[in-house]
Amino acid sequence: QSRQLLPELHRRASQWYEKNGFISESIQQAITAGDQDHAAKLIEDNGCLLLISGDVATLLNWAEAIDFQAENRPWLAIQKAWALALTGDLERVELTLKVPEELLSPLEATDEVRTMQGTIAAARAHCANSRGDTQSAAKYARQALELLPGCSSISQSIRSVTVSILGDASRINGNLGEAIRAYTETIKIGREAKNLNMVIIANSNIADILVEQGQLHQAADIYARSLQMAVRPDGQRSPLAANIFDGMGRLAYEWDRLDDAEQNIR
């Protein structure tokens with residue numbers, strides 16, 4: 001009898017977590033309960049922010065765990081493609097994007113449709129950067145910015161991601177001043193969208209460039225401020241803190257503080 005109660009208890013736990021703002025826990029409980037529809041909806045509604053916050057492997061595991069049809073859940077397919085892109089599985093990205101793209105193409109260009117189309121273009125921009133094709137990356141990123149409306153926090157968050165991708169392309173090409181300008185714009189958009197995660201990412205990227213330019217003390221200040229921000233609501237460190245610790249480790253090494261360098265890298 002207790003076994004029969006378990007799914008219902010997991011469903012109730014999912015509802016409690018959702019109501020109290022613990023989205024990751026809510027999704028996990030819904031999956032455990034076998035409530036795939038609710039899990040899929042939660043992932044659709046929150047997947048973009050989970051991606052930006054660095055919970056990429058978690059999101060990919062969830063997307064693989066639930067049985068969904070891309071025709072019915074285009075957002076979920078787009079988010080899965082992004083998770084594949086961010087974990088380096090570039091070969092599966094384009095295949096995953098094709099179904100939602102074809103589904104969206106005949107639809108009226110509502111803000112939601114444009115947001116999804118812009119997020120698809122941004123994913124292609126990221127993949128192009130990963131392959132070293134910065135020309136295509138910039139082309140897709142500009143296409144994404146043309147599509148993405150400025151009407152919602154999610155759309156604005158994706159805009160900040162897209163501008164950051166332009167910064168990455170400039171950085172790969174050695175245009176560090178241009179990259180810093182793009183990351184600075186990313187911070188501005190991220191703040192307007194109340195997306196602290198993109199502010200952290202862009203700040204960390206700027207600090208990385210300052211290290212390359214030998215401006216170590218300025219970089220250290222930015223890393224320290226970014227690390228203070230990289231804390232999740234439950235008090236745990238955000239996955240985004242990893243790159244910050246890596247940068248701080250490189251700084252400590254430059255300053256011959258080898259114990260600090262080892263601690264930060266660990």
# chains A, B, ... in the order shown; residues from 1 in each chain; ligands from 1
>>> residues_around(residues="A:Glu112", least_positions_apart="6", cutoff="10 Å", atoms="only C-alpha atoms", output="JSON, numbers by chain")
{"A": [75, 118, 148, 149, 151, 152, 154, 155]}
>>> write_last_selection(atoms="all heavy atoms", output="PDB file, in the first residue's frame")
ATOM      1  N   TRP A  75       9.393  24.309 -27.215  1.00  0.00           N
ATOM      2  CA  TRP A  75      10.343  24.919 -26.273  1.00  0.00           C
ATOM      3  C   TRP A  75      11.263  23.872 -25.674  1.00  0.00           C
ATOM      4  O   TRP A  75      12.464  24.084 -25.515  1.00  0.00           O
ATOM      5  CB  TRP A  75       9.593  25.640 -25.142  1.00  0.00           C
ATOM      6  CG  TRP A  75       9.611  27.132 -25.190  1.00  0.00           C
ATOM      7  CD1 TRP A  75       8.529  27.950 -25.058  1.00  0.00           C
ATOM      8  CD2 TRP A  75      10.739  28.005 -25.367  1.00  0.00           C
ATOM      9  NE1 TRP A  75       8.914  29.268 -25.158  1.00  0.00           N
ATOM     10  CE2 TRP A  75      10.263  29.339 -25.339  1.00  0.00           C
ATOM     11  CE3 TRP A  75      12.096  27.792 -25.558  1.00  0.00           C
ATOM     12  CZ2 TRP A  75      11.094  30.447 -25.482  1.00  0.00           C
ATOM     13  CZ3 TRP A  75      12.936  28.906 -25.714  1.00  0.00           C
ATOM     14  CH2 TRP A  75      12.429  30.209 -25.677  1.00  0.00           C
ATOM     15  N   GLY A 118      14.338  33.077 -32.276  1.00  0.00           N
ATOM     16  CA  GLY A 118      15.582  33.746 -31.895  1.00  0.00           C
ATOM     17  C   GLY A 118      16.481  32.853 -31.062  1.00  0.00           C
ATOM     18  O   GLY A 118      17.716  32.866 -31.201  1.00  0.00           O
ATOM     19  N   LEU A 148      14.471  38.388 -31.654  1.00  0.00           N
ATOM     20  CA  LEU A 148      14.080  38.397 -30.241  1.00  0.00           C
ATOM     21  C   LEU A 148      13.413  39.714 -29.861  1.00  0.00           C
ATOM     22  O   LEU A 148      14.016  40.778 -29.980  1.00  0.00           O
ATOM     23  CB  LEU A 148      15.313  38.168 -29.352  1.00  0.00           C
ATOM     24  CG  LEU A 148      15.902  36.758 -29.402  1.00  0.00           C
ATOM     25  CD1 LEU A 148      17.317  36.759 -28.847  1.00  0.00           C
ATOM     26  CD2 LEU A 148      15.030  35.771 -28.628  1.00  0.00           C
ATOM     27  N   PRO A 149      12.163  39.655 -29.386  1.00  0.00           N
ATOM     28  CA  PRO A 149      11.502  40.879 -28.934  1.00  0.00           C
ATOM     29  C   PRO A 149      12.028  41.293 -27.562  1.00  0.00           C
ATOM     30  O   PRO A 149      12.661  40.500 -26.866  1.00  0.00           O
ATOM     31  CB  PRO A 149      10.022  40.472 -28.847  1.00  0.00           C
ATOM     32  CG  PRO A 149      10.054  39.001 -28.578  1.00  0.00           C
ATOM     33  CD  PRO A 149      11.305  38.468 -29.232  1.00  0.00           C
ATOM     34  N   CYS A 151      10.180  42.095 -25.001  1.00  0.00           N
ATOM     35  CA  CYS A 151       8.947  42.213 -24.221  1.00  0.00           C
ATOM     36  C   CYS A 151       8.925  41.387 -22.951  1.00  0.00           C
ATOM     37  O   CYS A 151       8.117  41.639 -22.067  1.00  0.00           O
ATOM     38  CB  CYS A 151       7.761  41.803 -25.088  1.00  0.00           C
ATOM     39  SG  CYS A 151       7.914  40.088 -25.631  1.00  0.00           S
ATOM     40  N   SER A 152       9.793  40.384 -22.828  1.00  0.00           N
ATOM     41  CA  SER A 152       9.732  39.511 -21.654  1.00  0.00           C
ATOM     42  C   SER A 152      11.120  39.302 -21.086  1.00  0.00           C
ATOM     43  O   SER A 152      12.126  39.498 -21.774  1.00  0.00           O
ATOM     44  CB  SER A 152       9.127  38.159 -22.029  1.00  0.00           C
ATOM     45  OG  SER A 152      10.030  37.429 -22.846  1.00  0.00           O
ATOM     46  N   ILE A 154      12.471  36.459 -20.338  1.00  0.00           N
ATOM     47  CA  ILE A 154      13.129  35.348 -21.028  1.00  0.00           C
ATOM     48  C   ILE A 154      13.748  35.826 -22.336  1.00  0.00           C
ATOM     49  O   ILE A 154      14.911  35.539 -22.634  1.00  0.00           O
ATOM     50  CB  ILE A 154      12.127  34.201 -21.308  1.00  0.00           C
ATOM     51  CG1 ILE A 154      11.822  33.440 -20.023  1.00  0.00           C
ATOM     52  CG2 ILE A 154      12.666  33.236 -22.364  1.00  0.00           C
ATOM     53  CD1 ILE A 154      13.004  32.665 -19.462  1.00  0.00           C
ATOM     54  N   SER A 155      12.978  36.585 -23.121  1.00  0.00           N
ATOM     55  CA  SER A 155      13.498  37.097 -24.386  1.00  0.00           C
ATOM     56  C   SER A 155      14.703  38.002 -24.160  1.00  0.00           C
ATOM     57  O   SER A 155      15.714  37.907 -24.865  1.00  0.00           O
ATOM     58  CB  SER A 155      12.398  37.862 -25.134  1.00  0.00           C
ATOM     59  OG  SER A 155      12.882  38.312 -26.379  1.00  0.00           O
TER      60      SER A 155
END
>>> residues_around(residues="A:Ala137", least_positions_apart="4", cutoff="10 Å", atoms="only C-alpha atoms", output="list in words")
Ala121, Ala122, Ala123, Arg124, Ala125, His126, Cys127, Ala128, Asn129, Ser130, Arg131, Gly132, Asp133, Ala141, Arg142, Gln143, Thr162, Ile165, Leu166, Asp168 and Ala169 of chain A
>>> residues_around(residues="A:Ala40", least_positions_apart="5", cutoff="10 Å", atoms="only C-alpha atoms", output="PyMOL selection string")
chain A and resi 27+30-31+35+45-47+62-63+66-68+73+75-76
>>> write_last_selection(atoms="C-alpha atoms", output="CSV table (one decimal), in the first residue's frame")
chain,number,residue,atom,x,y,z
A,27,ILE,CA,11.0,18.9,-11.6
A,30,ALA,CA,7.5,15.2,-10.9
A,31,ILE,CA,9.8,12.9,-12.9
A,35,ASP,CA,4.0,12.9,-14.0
A,45,ASP,CA,8.8,27.2,-18.3
A,46,ASN,CA,12.2,27.3,-16.5
A,47,GLY,CA,14.6,25.5,-18.8
A,62,TRP,CA,15.6,15.6,-17.4
A,63,ALA,CA,15.0,16.1,-21.2
A,66,ILE,CA,10.8,12.3,-20.1
A,67,ASP,CA,9.1,11.1,-23.2
A,68,PHE,CA,7.9,14.1,-25.2
A,73,ARG,CA,6.6,20.9,-27.0
A,75,TRP,CA,10.3,24.9,-26.3
A,76,LEU,CA,11.5,21.7,-24.7
>>> residues_around(residues="A:Val231", least_positions_apart="3", cutoff="12 Å", atoms="only C-alpha atoms", output="JSON, numbers by chain")
{"A": [53, 54, 196, 197, 200, 225, 226, 227, 228, 234, 235, 236, 237, 238, 239, 240, 241, 242]}
>>> closest_atom_pairs(of="stretch 200-242 of chain A", to="stretch 178-193 of chain A", cutoff="8 Å", atoms="only C-alpha atoms", output="CSV")
residue,atom,partner,partner_atom,distance
A:Ala202,CA,A:Tyr183,CA,5.1
A:Asn203,CA,A:Tyr183,CA,7.3
A:Asn205,CA,A:Tyr183,CA,7.3
A:Ile206,CA,A:Ile180,CA,5.9
A:Ile209,CA,A:Ile180,CA,7.8
>>> closest_residue(among="A:Gln4, A:Pro74, A:Pro233, A:Asp208", to="A:Gly249", atoms="only C-alpha atoms")
A:Asp208
>>> atom_distance(atom1="atom CA of A:Lys41", atom2="atom CA of A:Gln79")
12.2 Å
>>> closest_residue(among="A:Met116, A:Leu84, A:Ala220, A:Leu95", to="A:Glu44", atoms="only C-alpha atoms")
A:Met116
>>> closest_residue(among="A:Val99, A:Ala77, A:Leu6, A:Ala230", to="A:Ala33", atoms="only C-alpha atoms")
A:Leu6
>>> select_by_dssp(residues="stretch 19-248 of chain A", states="alpha helix (DSSP H)", output="ChimeraX atom specification")
/A:19,23-32,36-52,56-65,74-86,90-104,111-130,134-147,153-172,176-192,196-212,216-229,241-248
>>> atom_distance(atom1="atom CA of A:Leu42", atom2="atom CA of A:Ile78")
14.5 Å
>>> residues_around(residues="A:Leu104", least_positions_apart="3", cutoff="8 Å", atoms="only C-alpha atoms", output="PDB file with C-alpha atoms, in the first residue's frame")
ATOM      1  CA  PRO A 100      10.664  22.927 -33.778  1.00  0.00           C
ATOM      2  CA  GLU A 101      12.004  25.210 -36.506  1.00  0.00           C
ATOM      3  CA  LEU A 107       2.988  30.218 -37.554  1.00  0.00           C
ATOM      4  CA  VAL A 113       7.176  32.402 -31.709  1.00  0.00           C
ATOM      5  CA  GLN A 117      13.021  31.352 -33.357  1.00  0.00           C
TER       6      GLN A 117
END
>>> residues_around(residues="A:Ala219", least_positions_apart="4", cutoff="10 Å", atoms="only C-alpha atoms", output="list of chain:residue names")
A:Asn203, A:Ser204, A:Asn205, A:Ile206, A:Ala207, A:Asp208, A:Ile209, A:Leu210, A:Val211, A:Glu212, A:Gln213, A:Gly214, A:Gln215, A:Tyr223, A:Ala224, A:Gly247, A:Met248, A:Leu251
>>> write_last_selection(atoms="C-alpha atoms", output="PDB file, in the first residue's frame")
ATOM      1  CA  ASN A 203      31.785  39.938 -15.705  1.00  0.00           C
ATOM      2  CA  SER A 204      33.844  36.755 -15.526  1.00  0.00           C
ATOM      3  CA  ASN A 205      34.610  36.964 -19.265  1.00  0.00           C
ATOM      4  CA  ILE A 206      35.754  40.571 -18.895  1.00  0.00           C
ATOM      5  CA  ALA A 207      38.004  39.572 -15.993  1.00  0.00           C
ATOM      6  CA  ASP A 208      39.484  36.743 -18.106  1.00  0.00           C
ATOM      7  CA  ILE A 209      40.374  39.272 -20.826  1.00  0.00           C
ATOM      8  CA  LEU A 210      41.910  41.653 -18.269  1.00  0.00           C
ATOM      9  CA  VAL A 211      44.146  38.773 -17.105  1.00  0.00           C
ATOM     10  CA  GLU A 212      45.251  38.265 -20.719  1.00  0.00           C
ATOM     11  CA  GLN A 213      46.032  42.001 -20.889  1.00  0.00           C
ATOM     12  CA  GLY A 214      48.031  41.904 -17.644  1.00  0.00           C
ATOM     13  CA  GLN A 215      45.541  44.004 -15.657  1.00  0.00           C
ATOM     14  CA  TYR A 223      36.331  38.019  -9.882  1.00  0.00           C
ATOM     15  CA  ALA A 224      35.713  38.796  -6.198  1.00  0.00           C
ATOM     16  CA  GLY A 247      40.382  32.661 -13.037  1.00  0.00           C
ATOM     17  CA  MET A 248      41.277  33.338  -9.408  1.00  0.00           C
ATOM     18  CA  LEU A 251      45.821  34.952 -10.788  1.00  0.00           C
TER      19      LEU A 251
END
>>> closest_residue(among="A:Arg232, A:Lys194, A:Arg250, A:Arg257", to="A:Ser24", atoms="only C-alpha atoms")
A:Arg232
